[in-house]
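Have a look at target.pdb below; it lists PDB, C-alpha atoms.
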```
ATOM      1  CA  MET A   1     -41.428 -68.018  15.018
ATOM      2  CA  ALA A   2     -38.768 -65.295  14.584
ATOM      3  CA  ILE A   3     -39.632 -61.660  15.247
ATOM      4  CA  VAL A   4     -39.267 -59.468  12.192
ATOM      5  CA  LYS A   5     -37.309 -56.342  13.053
ATOM      6  CA  PRO A   6     -38.349 -53.204  11.237
ATOM      7  CA  LYS A   7     -35.675 -51.681   8.981
ATOM      8  CA  ARG A   8     -34.011 -48.743  10.668
ATOM      9  CA  SER A   9     -33.237 -45.595   8.744
ATOM     10  CA  GLY A  10     -31.018 -42.754   9.944
ATOM     11  CA  PRO A  11     -32.357 -39.234  10.384
ATOM     12  CA  SER A  12     -32.360 -37.179   7.210
ATOM     13  CA  MET A  13     -31.775 -33.476   6.904
ATOM     14  CA  ASP A  14     -32.547 -31.201   3.979
ATOM     15  CA  MET A  15     -29.287 -29.374   3.169
ATOM     16  CA  THR A  16     -30.805 -26.948   0.658
ATOM     17  CA  ALA A  17     -31.105 -24.118   3.170
ATOM     18  CA  MET A  18     -27.541 -24.678   4.418
ATOM     19  CA  CYS A  19     -26.182 -24.532   0.854
ATOM     20  CA  ASP A  20     -28.093 -21.301   0.230
ATOM     21  CA  VAL A  21     -26.588 -19.723   3.344
ATOM     22  CA  ALA A  22     -23.076 -20.863   2.396
ATOM     23  CA  PHE A  23     -23.360 -19.360  -1.095
ATOM     24  CA  LEU A  24     -24.829 -16.114   0.272
ATOM     25  CA  LEU A  25     -21.895 -15.793   2.683
ATOM     26  CA  LEU A  26     -19.406 -16.549  -0.077
ATOM     27  CA  THR A  27     -21.019 -13.934  -2.328
ATOM     28  CA  PHE A  28     -20.997 -11.385   0.503
ATOM     29  CA  PHE A  29     -17.286 -11.845   1.198
ATOM     30  CA  ILE A  30     -16.367 -11.702  -2.488
ATOM     31  CA  MET A  31     -18.355  -8.499  -3.027
ATOM     32  CA  THR A  32     -17.059  -6.699   0.079
ATOM     33  CA  THR A  33     -13.393  -7.672  -0.145
ATOM     34  CA  GLN A  34     -11.022  -4.874  -1.089
ATOM     35  CA  PHE A  35      -7.981  -6.168  -2.875
ATOM     36  CA  LYS A  36      -4.618  -4.669  -2.044
ATOM     37  CA  SER A  37      -2.938  -2.871  -4.923
ATOM     38  CA  GLN A  38       0.242  -4.445  -6.194
ATOM     39  CA  GLU A  39       3.344  -2.771  -4.799
ATOM     40  CA  SER A  40       6.048  -1.518  -7.160
ATOM     41  CA  VAL A  41       8.863  -3.209  -5.284
ATOM     42  CA  THR A  42       9.230  -6.109  -2.867
ATOM     43  CA  ILE A  43      10.854  -5.123   0.416
ATOM     44  CA  ASP A  44      12.316  -7.608   2.864
ATOM     45  CA  THR A  45      11.895  -5.782   6.178
ATOM     46  CA  PRO A  46      14.102  -6.415   9.221
ATOM     47  CA  THR A  47      12.631  -8.166  12.254
ATOM     48  CA  SER A  48      11.881  -6.709  15.672
ATOM     49  CA  ILE A  49      10.147  -7.726  18.887
ATOM     50  CA  SER A  50       7.645  -4.851  18.693
ATOM     51  CA  GLU A  51       4.040  -6.031  18.710
ATOM     52  CA  GLU A  52       2.501  -2.689  17.721
ATOM     53  CA  LYS A  53       0.549  -2.909  14.480
ATOM     54  CA  VAL A  54       0.750  -0.319  11.729
ATOM     55  CA  PRO A  55      -2.712   1.212  11.154
ATOM     56  CA  GLU A  56      -4.524   0.026   8.040
ATOM     57  CA  LYS A  57      -6.197   3.350   7.262
ATOM     58  CA  ASP A  58      -5.057   6.974   7.267
ATOM     59  CA  LEU A  59      -1.521   5.859   6.475
ATOM     60  CA  ALA A  60       1.200   7.104   4.145
ATOM     61  CA  GLN A  61       4.244   4.924   3.610
ATOM     62  CA  ILE A  62       7.746   5.605   2.355
ATOM     63  CA  SER A  63       9.480   2.473   1.083
ATOM     64  CA  ILE A  64      13.234   2.207   0.515
ATOM     65  CA  ASP A  65      14.503  -0.701  -1.551
ATOM     66  CA  ASN A  66      17.899  -2.372  -1.205
ATOM     67  CA  ASN A  67      19.361   0.013  -3.821
ATOM     68  CA  GLY A  68      18.341   3.100  -1.840
ATOM     69  CA  LYS A  69      15.460   4.100  -4.151
ATOM     70  CA  TYR A  70      12.437   5.777  -2.575
ATOM     71  CA  TYR A  71       8.758   5.000  -3.156
ATOM     72  CA  PHE A  72       5.688   6.704  -1.706
ATOM     73  CA  GLY A  73       2.249   5.208  -1.212
ATOM     74  CA  VAL A  74      -1.081   6.042   0.397
ATOM     75  CA  VAL A  75      -3.474   3.365   1.650
ATOM     76  CA  ASN A  76      -6.819   5.073   0.964
ATOM     77  CA  PRO A  77      -7.758   5.361  -2.774
ATOM     78  CA  LYS A  78      -9.796   8.543  -2.101
ATOM     79  CA  ASP A  79      -6.720  10.120  -0.532
ATOM     80  CA  ARG A  80      -4.678   8.990  -3.549
ATOM     81  CA  PHE A  81      -7.001  10.956  -5.807
ATOM     82  CA  ALA A  82      -6.696  14.073  -3.619
ATOM     83  CA  ILE A  83      -2.901  13.894  -3.430
ATOM     84  CA  ILE A  84      -2.364  13.363  -7.152
ATOM     85  CA  LYS A  85      -4.667  16.292  -7.868
ATOM     86  CA  ALA A  86      -2.674  18.501  -5.476
ATOM     87  CA  MET A  87       0.722  17.352  -6.805
ATOM     88  CA  ASN A  88      -0.468  17.732 -10.418
ATOM     89  CA  ASP A  89      -1.467  21.346  -9.706
ATOM     90  CA  LYS A  90       1.730  22.077  -7.757
ATOM     91  CA  TYR A  91       4.160  20.684 -10.356
ATOM     92  CA  GLY A  92       2.097  21.352 -13.491
ATOM     93  CA  ALA A  93       2.474  17.714 -14.570
ATOM     94  CA  GLY A  94      -0.460  17.925 -17.015
ATOM     95  CA  LEU A  95      -2.139  14.707 -15.869
ATOM     96  CA  THR A  96      -5.602  14.149 -17.349
ATOM     97  CA  ASP A  97      -8.571  12.929 -15.280
ATOM     98  CA  GLN A  98      -8.072   9.412 -16.714
ATOM     99  CA  GLU A  99      -4.398   9.402 -15.721
ATOM    100  CA  GLN A 100      -5.279  10.603 -12.234
ATOM    101  CA  ALA A 101      -7.850   7.799 -11.985
ATOM    102  CA  ARG A 102      -5.129   5.309 -13.028
ATOM    103  CA  PHE A 103      -2.896   6.693 -10.296
ATOM    104  CA  THR A 104      -5.503   5.785  -7.651
ATOM    105  CA  ARG A 105      -5.040   2.102  -8.572
ATOM    106  CA  LEU A 106      -1.312   2.211  -7.761
ATOM    107  CA  ALA A 107      -0.247   1.126  -4.283
ATOM    108  CA  GLU A 108       2.787   3.391  -4.500
ATOM    109  CA  VAL A 109       4.652   5.638  -6.870
ATOM    110  CA  GLY A 110       8.357   5.245  -7.573
ATOM    111  CA  VAL A 111       9.050   7.807 -10.283
ATOM    112  CA  SER A 112       9.488  11.558 -10.362
ATOM    113  CA  ILE A 113       6.350  13.620 -10.928
ATOM    114  CA  THR A 114       7.844  14.734 -14.259
ATOM    115  CA  GLN A 115       7.980  11.075 -15.433
ATOM    116  CA  LEU A 116       4.629  10.077 -13.917
ATOM    117  CA  LYS A 117       2.532  10.853 -17.013
ATOM    118  CA  GLY A 118       4.551   8.441 -19.151
ATOM    119  CA  TYR A 119       4.552   5.798 -16.416
ATOM    120  CA  LEU A 120       0.752   5.942 -16.013
ATOM    121  CA  ASN A 121       0.242   5.487 -19.755
ATOM    122  CA  LEU A 122       2.086   2.153 -19.731
ATOM    123  CA  SER A 123       0.163  -1.094 -19.456
ATOM    124  CA  GLU A 124       0.504  -3.150 -16.272
ATOM    125  CA  VAL A 125       2.807  -5.587 -18.068
ATOM    126  CA  GLN A 126       5.018  -2.753 -19.305
ATOM    127  CA  ARG A 127       5.114  -1.179 -15.814
ATOM    128  CA  GLY A 128       6.425  -4.453 -14.445
ATOM    129  CA  LYS A 129       9.300  -4.440 -16.948
ATOM    130  CA  VAL A 130      10.310  -0.775 -16.715
ATOM    131  CA  LYS A 131      13.277   0.152 -14.517
ATOM    132  CA  ILE A 132      12.008   2.502 -11.819
ATOM    133  CA  GLU A 133      14.384   5.275 -10.760
ATOM    134  CA  GLY A 134      12.688   6.102  -7.461
ATOM    135  CA  ILE A 135      11.423   9.480  -6.246
ATOM    136  CA  PRO A 136      14.194  12.093  -5.967
ATOM    137  CA  ASN A 137      15.229  12.870  -2.387
ATOM    138  CA  ASP A 138      18.312  14.987  -1.876
ATOM    139  CA  SER A 139      19.203  18.497  -0.777
ATOM    140  CA  THR A 140      18.799  19.887  -4.309
ATOM    141  CA  LYS A 141      15.452  18.224  -5.094
ATOM    142  CA  SER A 142      13.436  16.655  -2.309
ATOM    143  CA  GLU A 143      10.326  15.693  -4.227
ATOM    144  CA  LEU A 144       9.701  12.818  -1.809
ATOM    145  CA  VAL A 145       9.246  15.270   1.059
ATOM    146  CA  ASP A 146       6.791  17.249  -1.118
ATOM    147  CA  TRP A 147       4.648  14.099  -1.477
ATOM    148  CA  VAL A 148       4.735  13.552   2.290
ATOM    149  CA  LYS A 149       4.039  17.195   3.209
ATOM    150  CA  THR A 150       1.213  17.498   0.692
ATOM    151  CA  TYR A 151      -0.452  14.390   2.080
ATOM    152  CA  LEU A 152       0.047  15.126   5.780
ATOM    153  CA  THR A 153      -0.850  18.823   5.641
ATOM    154  CA  ASP A 154      -3.256  19.315   2.723
ATOM    155  CA  VAL A 155      -4.963  15.954   2.154
ATOM    156  CA  ASN A 156      -5.217  14.131   5.514
ATOM    157  CA  PRO A 157      -3.756  15.851   8.615
ATOM    158  CA  GLN A 158      -4.861  12.914  10.843
ATOM    159  CA  ALA A 159      -2.779  10.443   8.843
ATOM    160  CA  LYS A 160       0.320   8.691  10.142
ATOM    161  CA  LEU A 161       3.602   8.186   8.315
ATOM    162  CA  ALA A 162       5.387   4.838   8.154
ATOM    163  CA  ILE A 163       8.838   4.071   6.772
ATOM    164  CA  LYS A 164       9.531   0.610   5.371
ATOM    165  CA  GLY A 165      13.158  -0.129   4.591
ATOM    166  CA  ASP A 166      14.733  -3.228   3.144
ATOM    167  CA  VAL A 167      17.029  -5.220   5.412
ATOM    168  CA  LYS A 168      19.846  -4.656   2.860
ATOM    169  CA  THR A 169      19.313  -0.882   2.509
ATOM    170  CA  GLN A 170      22.551   1.011   3.092
ATOM    171  CA  TYR A 171      22.689   3.523   5.946
ATOM    172  CA  PRO A 172      23.296   6.666   3.795
ATOM    173  CA  ALA A 173      19.879   6.241   2.120
ATOM    174  CA  ILE A 174      18.162   6.073   5.523
ATOM    175  CA  LYS A 175      20.175   9.012   6.883
ATOM    176  CA  SER A 176      19.377  11.140   3.829
ATOM    177  CA  LEU A 177      15.662  10.457   4.278
ATOM    178  CA  PHE A 178      15.725  11.290   7.994
ATOM    179  CA  ASN A 179      17.694  14.503   7.299
ATOM    180  CA  GLU A 180      15.223  15.713   4.672
ATOM    181  CA  LEU A 181      12.215  14.859   6.847
ATOM    182  CA  GLY A 182      13.843  16.625   9.822
ATOM    183  CA  LYS A 183      14.492  19.792   7.784
ATOM    184  CA  ASN A 184      10.750  19.935   7.100
ATOM    185  CA  ASP A 185       9.709  19.277  10.738
ATOM    186  CA  ILE A 186       8.384  15.789   9.975
ATOM    187  CA  ASN A 187       9.689  14.028  13.064
ATOM    188  CA  LYS A 188       6.927  11.533  13.889
ATOM    189  CA  PHE A 189       6.820   8.301  11.951
ATOM    190  CA  ARG A 190       6.764   4.544  12.461
ATOM    191  CA  LEU A 191       9.290   2.036  11.235
ATOM    192  CA  VAL A 192       7.746  -1.050   9.627
ATOM    193  CA  THR A 193       9.296  -4.378  10.633
ATOM    194  CA  ASP A 194       8.374  -8.037  10.623
ATOM    195  CA  ALA A 195       7.572  -9.763  13.890
ATOM    196  CA  GLU A 196      10.458 -11.733  15.287
ATOM    197  CA  ASN A 197       9.686 -15.318  16.310
ATOM    198  CA  GLN A 198       9.860 -15.515  20.069
ATOM    199  CA  GLU A 199      10.715 -18.941  21.437
TER     200      GLU A 199
END
```
Any chance you could put this one into structure tokens?
Amino acid sequence: MAIVKPKRSGPSMDMTAMCDVAFLLLTFFIMTTQFKSQESVTIDTPTSISEEKVPEKDLAQISIDNNGKYYFGVVNPKDRFAIIKAMNDKYGAGLTDQEQARFTRLAEVGVSITQLKGYLNLSEVQRGKVKIEGIPNDSTKSELVDWVKTYLTDVNPQAKLAIKGDVKTQYPAIKSLFNELGKNDINKFRLVTDAENQE
């Protein structure tokens, strides 16, 4: 007579607890993620072999596009509020509290302080279509240096300055920036580049 083998069943595991943990982790990461503000201009930076990273906090950045236009941005939204308040008082731009709050959502500014009120009152779609003139930076009106000095001296003296230029930016735009910074004793800054592929 043949022996009847009992039916084998594999081990079972209740996945309810694992699903709960996965959804809790997903919720945690969604709630704690800080999204980067959209930049006004896309800059294609040159490459270098430097492996030093630009700090992600306490940082001000000057961007120069391929047309030689200047943009200024601050990483920390709280610092953005302090700098726009200081610049509003200094230039008498007449920005309301709501407009100053809108400014804190911008990654960088690329218009003169006199045009900032109108720029902030545009919708995001309209801002994307408007032609930005850049922040003035020449020997007659160096508003860009005012933004930098206000941030580095009045708002956050521990902050670092970074300069991000496009690979197609012409030399006179870079030289003009360095000259104006040098006249105001701002001689320490970092140049932002992409990492070069080492083979």
#### Entry: Surrounding residues of range 76-88 of chain A excluding itself and chain neighbours under 2 positions, 12 Å, only C-alpha atoms, as a ChimeraX atom specification
/A:34-37,55-61,72-74,90-109,112-117,120,143-159
Dump as a CSV table (one decimal), keeping the file's coordinate frame, selection limited to C-alpha atoms:
```csv
chain,number,residue,atom,x,y,z
A,34,GLN,CA,-11.0,-4.9,-1.1
A,35,PHE,CA,-8.0,-6.2,-2.9
A,36,LYS,CA,-4.6,-4.7,-2.0
A,37,SER,CA,-2.9,-2.9,-4.9
A,55,PRO,CA,-2.7,1.2,11.2
A,56,GLU,CA,-4.5,0.0,8.0
A,57,LYS,CA,-6.2,3.4,7.3
A,58,ASP,CA,-5.1,7.0,7.3
A,59,LEU,CA,-1.5,5.9,6.5
A,60,ALA,CA,1.2,7.1,4.1
A,61,GLN,CA,4.2,4.9,3.6
A,72,PHE,CA,5.7,6.7,-1.7
A,73,GLY,CA,2.2,5.2,-1.2
A,74,VAL,CA,-1.1,6.0,0.4
A,90,LYS,CA,1.7,22.1,-7.8
A,91,TYR,CA,4.2,20.7,-10.4
A,92,GLY,CA,2.1,21.4,-13.5
A,93,ALA,CA,2.5,17.7,-14.6
A,94,GLY,CA,-0.5,17.9,-17.0
A,95,LEU,CA,-2.1,14.7,-15.9
A,96,THR,CA,-5.6,14.1,-17.3
A,97,ASP,CA,-8.6,12.9,-15.3
A,98,GLN,CA,-8.1,9.4,-16.7
A,99,GLU,CA,-4.4,9.4,-15.7
A,100,GLN,CA,-5.3,10.6,-12.2
A,101,ALA,CA,-7.8,7.8,-12.0
A,102,ARG,CA,-5.1,5.3,-13.0
A,103,PHE,CA,-2.9,6.7,-10.3
A,104,THR,CA,-5.5,5.8,-7.7
A,105,ARG,CA,-5.0,2.1,-8.6
A,106,LEU,CA,-1.3,2.2,-7.8
A,107,ALA,CA,-0.2,1.1,-4.3
A,108,GLU,CA,2.8,3.4,-4.5
A,109,VAL,CA,4.7,5.6,-6.9
A,112,SER,CA,9.5,11.6,-10.4
A,113,ILE,CA,6.4,13.6,-10.9
A,114,THR,CA,7.8,14.7,-14.3
A,115,GLN,CA,8.0,11.1,-15.4
A,116,LEU,CA,4.6,10.1,-13.9
A,117,LYS,CA,2.5,10.9,-17.0
A,120,LEU,CA,0.8,5.9,-16.0
A,143,GLU,CA,10.3,15.7,-4.2
A,144,LEU,CA,9.7,12.8,-1.8
A,145,VAL,CA,9.2,15.3,1.1
A,146,ASP,CA,6.8,17.2,-1.1
A,147,TRP,CA,4.6,14.1,-1.5
A,148,VAL,CA,4.7,13.6,2.3
A,149,LYS,CA,4.0,17.2,3.2
A,150,THR,CA,1.2,17.5,0.7
A,151,TYR,CA,-0.5,14.4,2.1
A,152,LEU,CA,0.0,15.1,5.8
A,153,THR,CA,-0.8,18.8,5.6
A,154,ASP,CA,-3.3,19.3,2.7
A,155,VAL,CA,-5.0,16.0,2.2
A,156,ASN,CA,-5.2,14.1,5.5
A,157,PRO,CA,-3.8,15.9,8.6
A,158,GLN,CA,-4.9,12.9,10.8
A,159,ALA,CA,-2.8,10.4,8.8
```
### Task
Rank nothing, just name the residue among A:Gly68, A:Pro6, A:Gly110, A:Gly118 nearest to Ile174 in chain A, using only C-alpha atoms.
A:Gly68
Could you put an axis-aligned box around every listed atom of range 70-88 of chain A, padded by 3 Å on each side, and send me its centre and edge lengths in Å to one decimal, as AutoDock Vina command-line options?
```
--center_x 1.3 --center_y 10.9 --center_z -4.4 --size_x 28.2 --size_y 21.1 --size_z 18.1
```
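Interatomic distance, CA of Gly165 in chain A to CA of Lys129 in chain A: 22.3 Å.
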### Query
Which of these residues is nearest to Glu196 in chain A, using all atoms listed in the file: A:Ile49, A:Leu181, A:Leu161, A:Val75?
A:Ile49
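Nearest residue to Asp194 in chain A, choosing from A:Ile43, A:Ile135, A:Met13, A:Met31 and counting only C-alpha atoms: A:Ile43.
Among A:Val54, A:Val41, A:Ala162, A:Leu24, the residue with the shortest atom-to-atom distance to Glu133 in chain A, counting only C-alpha atoms, is A:Val41.
Using all atoms listed in the file, the smallest distance between any of A:Thr169, A:Ser176, A:Ser123, A:Thr27 and Pro46 in chain A comes from A:Thr169.
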#### Entry: Hits of the PyMOL selection byres ((chain A and resi 163) around 6) in this structure, as a VMD selection string
chain A and resid 61 to 63 162 164 191 to 192
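For the pair CA of Lys175 in chain A and CA of Asn187 in chain A, the separation is 13.2 Å.
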Expected file for range 50-80 of chain A keeping N, CA and C atoms, as a PDB file, in the first residue's frame:
```pdb
ATOM      1  N   SER A  50      37.836  69.935  -9.592  1.00  0.00           N
ATOM      2  CA  SER A  50      37.662  70.191  -8.162  1.00  0.00           C
ATOM      3  C   SER A  50      36.563  69.295  -7.603  1.00  0.00           C
ATOM      4  N   GLU A  51      36.817  68.732  -6.424  1.00  0.00           N
ATOM      5  CA  GLU A  51      35.827  67.870  -5.788  1.00  0.00           C
ATOM      6  C   GLU A  51      35.174  68.547  -4.588  1.00  0.00           C
ATOM      7  N   GLU A  52      35.504  69.805  -4.330  1.00  0.00           N
ATOM      8  CA  GLU A  52      34.932  70.530  -3.211  1.00  0.00           C
ATOM      9  C   GLU A  52      33.481  70.876  -3.513  1.00  0.00           C
ATOM     10  N   LYS A  53      32.622  70.611  -2.554  1.00  0.00           N
ATOM     11  CA  LYS A  53      31.187  70.863  -2.731  1.00  0.00           C
ATOM     12  C   LYS A  53      30.842  72.265  -2.244  1.00  0.00           C
ATOM     13  N   VAL A  54      29.901  72.890  -2.921  1.00  0.00           N
ATOM     14  CA  VAL A  54      29.389  74.183  -2.488  1.00  0.00           C
ATOM     15  C   VAL A  54      28.431  73.925  -1.325  1.00  0.00           C
ATOM     16  N   PRO A  55      28.531  74.690  -0.231  1.00  0.00           N
ATOM     17  CA  PRO A  55      27.635  74.446   0.906  1.00  0.00           C
ATOM     18  C   PRO A  55      26.168  74.640   0.513  1.00  0.00           C
ATOM     19  N   GLU A  56      25.298  73.892   1.173  1.00  0.00           N
ATOM     20  CA  GLU A  56      23.874  73.959   0.840  1.00  0.00           C
ATOM     21  C   GLU A  56      23.099  74.909   1.738  1.00  0.00           C
ATOM     22  N   LYS A  57      23.756  75.470   2.750  1.00  0.00           N
ATOM     23  CA  LYS A  57      23.099  76.475   3.584  1.00  0.00           C
ATOM     24  C   LYS A  57      24.064  77.636   3.789  1.00  0.00           C
ATOM     25  N   ASP A  58      23.539  78.750   4.235  1.00  0.00           N
ATOM     26  CA  ASP A  58      24.329  79.971   4.419  1.00  0.00           C
ATOM     27  C   ASP A  58      25.097  80.310   3.139  1.00  0.00           C
ATOM     28  N   LEU A  59      24.370  80.369   2.035  1.00  0.00           N
ATOM     29  CA  LEU A  59      25.006  80.607   0.743  1.00  0.00           C
ATOM     30  C   LEU A  59      24.238  81.653  -0.058  1.00  0.00           C
ATOM     31  N   ALA A  60      24.985  82.591  -0.618  1.00  0.00           N
ATOM     32  CA  ALA A  60      24.442  83.539  -1.595  1.00  0.00           C
ATOM     33  C   ALA A  60      25.098  83.221  -2.923  1.00  0.00           C
ATOM     34  N   GLN A  61      24.355  83.353  -4.006  1.00  0.00           N
ATOM     35  CA  GLN A  61      24.913  82.993  -5.308  1.00  0.00           C
ATOM     36  C   GLN A  61      24.616  84.059  -6.355  1.00  0.00           C
ATOM     37  N   ILE A  62      25.669  84.449  -7.068  1.00  0.00           N
ATOM     38  CA  ILE A  62      25.524  85.321  -8.225  1.00  0.00           C
ATOM     39  C   ILE A  62      25.580  84.421  -9.451  1.00  0.00           C
ATOM     40  N   SER A  63      24.592  84.532 -10.316  1.00  0.00           N
ATOM     41  CA  SER A  63      24.578  83.768 -11.560  1.00  0.00           C
ATOM     42  C   SER A  63      24.742  84.735 -12.731  1.00  0.00           C
ATOM     43  N   ILE A  64      25.511  84.315 -13.728  1.00  0.00           N
ATOM     44  CA  ILE A  64      25.715  85.121 -14.931  1.00  0.00           C
ATOM     45  C   ILE A  64      25.327  84.252 -16.123  1.00  0.00           C
ATOM     46  N   ASP A  65      24.332  84.701 -16.883  1.00  0.00           N
ATOM     47  CA  ASP A  65      23.912  83.891 -18.025  1.00  0.00           C
ATOM     48  C   ASP A  65      24.818  84.142 -19.230  1.00  0.00           C
ATOM     49  N   ASN A  66      24.533  83.466 -20.327  1.00  0.00           N
ATOM     50  CA  ASN A  66      25.409  83.572 -21.504  1.00  0.00           C
ATOM     51  C   ASN A  66      25.332  84.932 -22.190  1.00  0.00           C
ATOM     52  N   ASN A  67      24.351  85.765 -21.810  1.00  0.00           N
ATOM     53  CA  ASN A  67      24.255  87.125 -22.348  1.00  0.00           C
ATOM     54  C   ASN A  67      24.894  88.161 -21.426  1.00  0.00           C
ATOM     55  N   GLY A  68      25.486  87.706 -20.328  1.00  0.00           N
ATOM     56  CA  GLY A  68      26.131  88.629 -19.397  1.00  0.00           C
ATOM     57  C   GLY A  68      25.175  89.307 -18.432  1.00  0.00           C
ATOM     58  N   LYS A  69      23.980  88.754 -18.232  1.00  0.00           N
ATOM     59  CA  LYS A  69      23.020  89.310 -17.275  1.00  0.00           C
ATOM     60  C   LYS A  69      23.257  88.680 -15.911  1.00  0.00           C
ATOM     61  N   TYR A  70      23.079  89.483 -14.861  1.00  0.00           N
ATOM     62  CA  TYR A  70      23.367  89.041 -13.502  1.00  0.00           C
ATOM     63  C   TYR A  70      22.078  88.739 -12.731  1.00  0.00           C
ATOM     64  N   TYR A  71      22.154  87.690 -11.919  1.00  0.00           N
ATOM     65  CA  TYR A  71      21.056  87.263 -11.056  1.00  0.00           C
ATOM     66  C   TYR A  71      21.636  87.041  -9.666  1.00  0.00           C
ATOM     67  N   PHE A  72      20.807  87.257  -8.647  1.00  0.00           N
ATOM     68  CA  PHE A  72      21.277  87.049  -7.270  1.00  0.00           C
ATOM     69  C   PHE A  72      20.264  86.210  -6.519  1.00  0.00           C
ATOM     70  N   GLY A  73      20.754  85.212  -5.799  1.00  0.00           N
ATOM     71  CA  GLY A  73      19.869  84.339  -5.038  1.00  0.00           C
ATOM     72  C   GLY A  73      20.457  83.963  -3.698  1.00  0.00           C
ATOM     73  N   VAL A  74      19.565  83.657  -2.762  1.00  0.00           N
ATOM     74  CA  VAL A  74      19.941  83.228  -1.414  1.00  0.00           C
ATOM     75  C   VAL A  74      19.244  81.903  -1.157  1.00  0.00           C
ATOM     76  N   VAL A  75      19.968  80.952  -0.570  1.00  0.00           N
ATOM     77  CA  VAL A  75      19.433  79.605  -0.374  1.00  0.00           C
ATOM     78  C   VAL A  75      18.340  79.562   0.693  1.00  0.00           C
ATOM     79  N   ASN A  76      18.575  80.200   1.834  1.00  0.00           N
ATOM     80  CA  ASN A  76      17.669  80.104   2.975  1.00  0.00           C
ATOM     81  C   ASN A  76      16.478  81.058   2.832  1.00  0.00           C
ATOM     82  N   PRO A  77      15.220  80.547   2.846  1.00  0.00           N
ATOM     83  CA  PRO A  77      14.046  81.425   2.721  1.00  0.00           C
ATOM     84  C   PRO A  77      13.945  82.469   3.832  1.00  0.00           C
ATOM     85  N   LYS A  78      14.378  82.145   5.052  1.00  0.00           N
ATOM     86  CA  LYS A  78      14.344  83.137   6.144  1.00  0.00           C
ATOM     87  C   LYS A  78      15.299  84.283   5.843  1.00  0.00           C
ATOM     88  N   ASP A  79      16.461  83.961   5.283  1.00  0.00           N
ATOM     89  CA  ASP A  79      17.403  85.002   4.887  1.00  0.00           C
ATOM     90  C   ASP A  79      16.848  85.824   3.727  1.00  0.00           C
ATOM     91  N   ARG A  80      16.081  85.194   2.844  1.00  0.00           N
ATOM     92  CA  ARG A  80      15.467  85.926   1.733  1.00  0.00           C
ATOM     93  C   ARG A  80      14.525  87.006   2.264  1.00  0.00           C
TER      94      ARG A  80
END
```
